[in-house]
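A.B. asks: What follows is a single structure, and I will ask about it in a moment.
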Amino acid sequence: MNPTTISSSRLNPDLPKWQPATWEEYLAYCDAEHFEGGRAFYHQGYLWIDMGNEGIDHARVNNLFAMLFFLWFSQRGQIWDDLGGCVLEKPQQQGAAPDRLVYIGAGSPQWQAGERRRINLDIWRVPDLVGEVSDTTLATDLDEKKQLYAALKIPEYWAIDIQGNRVIAFCLQENGKYEQVNYSLALEGLPIALLSQTLERLTQETNGTAAQWFAQQIANL
């Protein structure tokens, strides 16, 4: 198998998006010039390639959550770093590029000249929270990607379901598996239901006005 084969199979609706691949093939695909702007996920010898451009709904929701993080952490005076879209790798094992990738407190990754432009988890700590904006990818976001993030030991994972107007949040347990939760641990005290309510407002509002409504709600928490 080679990157061209993967690219061609992506266009065939009869084939699954997760394709058998080696770590070296994953790296070769990520480094290919034609891959600029794409996202790759690698887990247990399988590679998923996402070359789709952001649609209106995905872009609106993705940027909404960037605003929500800003509002939450600013109100509480916390240090945070949102590196959404950056590649996250455990060399030879897993690779991912989450829509949202949040570090809370000190110790977020810093790029050094000569290094790959990715977060190497052999060097840096794992993020406190990752999230996937699910428009057409909810099934894999709740299955293979959830398994991938659990294997990376990400403490908290959100699947943001656009079509269902809901956020499904999971926290990592001692047994290494995710359990669905009603309150965020990373954003301590935040009800997940409030995120879903904010998301639902996009059916009638812009992401800017929905974020303003969210700011009013968290002021009372």
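Here, A, B, ... name the chains of the structure tokens in the order displayed, residue numbers run from 1 inside each chain, and ligands are numbered from 1 in the same displayed order.
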If DSSP is run on the backbone, what residues of range 33-146 of chain A are strand (DSSP E)? A reply as an MDAnalysis selection string would be ideal.
C.D. replies: chainID A and resid 39:43 46:50 80:82 88:90 94:96 100:104 119:120 129:134
A.B. asks: Show me a table, sorted first by chain and then by increasing residue number, of the residues of range 99-164 of chain A having an atom at most 10 Å from range 191-201 of chain A, each with its shortest atom pair and the distance in Å to one decimal, counting only C-alpha atoms and written as a Markdown table.
C.D. replies:
| residue | atom | partner | partner_atom | distance |
| --- | --- | --- | --- | --- |
| A:Trp158 | CA | A:Ile192 | CA | 9.5 |
| A:Ile160 | CA | A:Ser196 | CA | 8.5 |
| A:Asp161 | CA | A:Ser196 | CA | 9.0 |
| A:Ile162 | CA | A:Leu199 | CA | 7.7 |
| A:Gln163 | CA | A:Glu200 | CA | 9.5 |
| A:Gly164 | CA | A:Glu200 | CA | 8.5 |
A.B. asks: Could you dump the residues just selected with C-alpha atoms as an mmCIF file, in the first residue's frame?
C.D. replies:
data_model
loop_
_atom_site.group_PDB
_atom_site.id
_atom_site.type_symbol
_atom_site.label_atom_id
_atom_site.label_comp_id
_atom_site.auth_asym_id
_atom_site.auth_seq_id
_atom_site.Cartn_x
_atom_site.Cartn_y
_atom_site.Cartn_z
ATOM 1 C CA TRP A 158 -15.834 15.642 23.659
ATOM 2 C CA ILE A 160 -19.649 17.603 19.388
ATOM 3 C CA ASP A 161 -22.647 16.325 17.450
ATOM 4 C CA ILE A 162 -23.797 19.039 15.042
ATOM 5 C CA GLN A 163 -26.851 17.244 13.691
ATOM 6 C CA GLY A 164 -28.005 16.203 17.151
#
A.B. asks: Residues at most 7 Å from Leu121 in chain A, counting only C-alpha atoms, excluding those fewer than 3 positions away in the same chain, as a PyMOL selection string?
C.D. replies: chain A and resi 89-90+124-126
A.B. asks: For the structure I just gave you, how does DSSP split range 51-130 of chain A - specifically, which residues are alpha helix (DSSP H)? Reply as a list in words.
C.D. replies: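 Filtering range 51-130 of chain A down to alpha helix (DSSP H) leaves Ile56, Asp57, His58, Ala59, Arg60, Val61, Asn62, Asn63, Leu64, Phe65, Ala66, Met67, Leu68, Phe69, Phe70, Leu71, Trp72, Phe73, Ser74, Gln75 and Arg76 of chain A.
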A.B. asks: Find the residues near Leu71 in chain A: any atom within 9 Å, counting only C-alpha atoms, skip ones fewer than 3 places away on the same chain, and give them as a PyMOL selection string.
C.D. replies: chain A and resi 66-68+74-76+211-212+214-215+218
A.B. asks: Based on the selection just made, write C-alpha atoms of those residues as a tab-separated table (two decimals), in the first residue's frame.
C.D. replies:
chain	number	residue	atom	x	y	z
A	66	ALA	CA	-12.89	28.34	20.44
A	67	MET	CA	-14.96	31.28	21.71
A	68	LEU	CA	-16.47	29.23	24.54
A	74	SER	CA	-10.89	34.29	30.85
A	75	GLN	CA	-13.68	34.54	33.38
A	76	ARG	CA	-11.81	32.24	35.74
A	211	ALA	CA	-21.25	32.65	22.68
A	212	GLN	CA	-22.62	35.82	24.28
A	214	PHE	CA	-23.03	31.24	27.08
A	215	ALA	CA	-21.05	34.03	28.76
A	218	ILE	CA	-21.48	30.88	33.17
A.B. asks: Quick one: everything within 12 Å of Pro109 in chain A, counting only C-alpha atoms, minus sequence neighbours fewer than 6 positions away in the same chain. Send it as a list in words.
C.D. replies: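 These residues fall inside the cut-off: Trp80, Asp81, Asp82, Leu83, Cys86, Val87, Leu88, Leu101, Val102, Tyr103, Glu115, Arg117, Arg118, Ile119, Asn120, Leu121, Asp122, Ile123, Trp124, Arg125, Val126 and Pro127 of chain A.
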A.B. asks: Write the residues of the preceding selection, restricted to C-alpha atoms, as a CSV table (one decimal), in the first residue's frame.
C.D. replies:
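Written out: result10.csv:
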chain,number,residue,atom,x,y,z
A,80,TRP,CA,-4.9,27.8,28.7
A,81,ASP,CA,-3.6,27.0,25.2
A,82,ASP,CA,-6.0,26.0,22.4
A,83,LEU,CA,-3.9,24.1,19.7
A,86,CYS,CA,-2.3,20.5,15.6
A,87,VAL,CA,-1.0,17.0,15.0
A,88,LEU,CA,-0.7,14.9,18.2
A,101,LEU,CA,-7.0,20.5,21.6
A,102,VAL,CA,-6.7,22.3,25.0
A,103,TYR,CA,-3.9,22.5,27.5
A,115,GLU,CA,11.7,19.8,15.1
A,117,ARG,CA,5.7,20.8,13.6
A,118,ARG,CA,3.8,18.3,15.7
A,119,ILE,CA,3.2,17.5,19.4
A,120,ASN,CA,5.4,14.6,20.3
A,121,LEU,CA,3.9,12.9,23.4
A,122,ASP,CA,7.3,11.3,24.2
A,123,ILE,CA,8.4,14.9,25.0
A,124,TRP,CA,5.3,16.8,26.0
A,125,ARG,CA,2.4,16.0,28.4
A,126,VAL,CA,-0.9,15.0,26.9
A,127,PRO,CA,-3.5,17.8,26.5
A.B. asks: Excluding Ala186 in chain A and any residue of its chain fewer than 6 positions from it, enumerate the residues within 9 Å of it, using only C-alpha atoms, and give them as a list in words.
C.D. replies: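 My list of contacting residues is Ile104, Asp128, Leu129, Pro155 and Glu156 of chain A.
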A.B. asks: Please report the interatomic distance between CA of His43 in chain A and CA of Lys146 in chain A in Å with one decimal.
C.D. replies: 10.7 Å
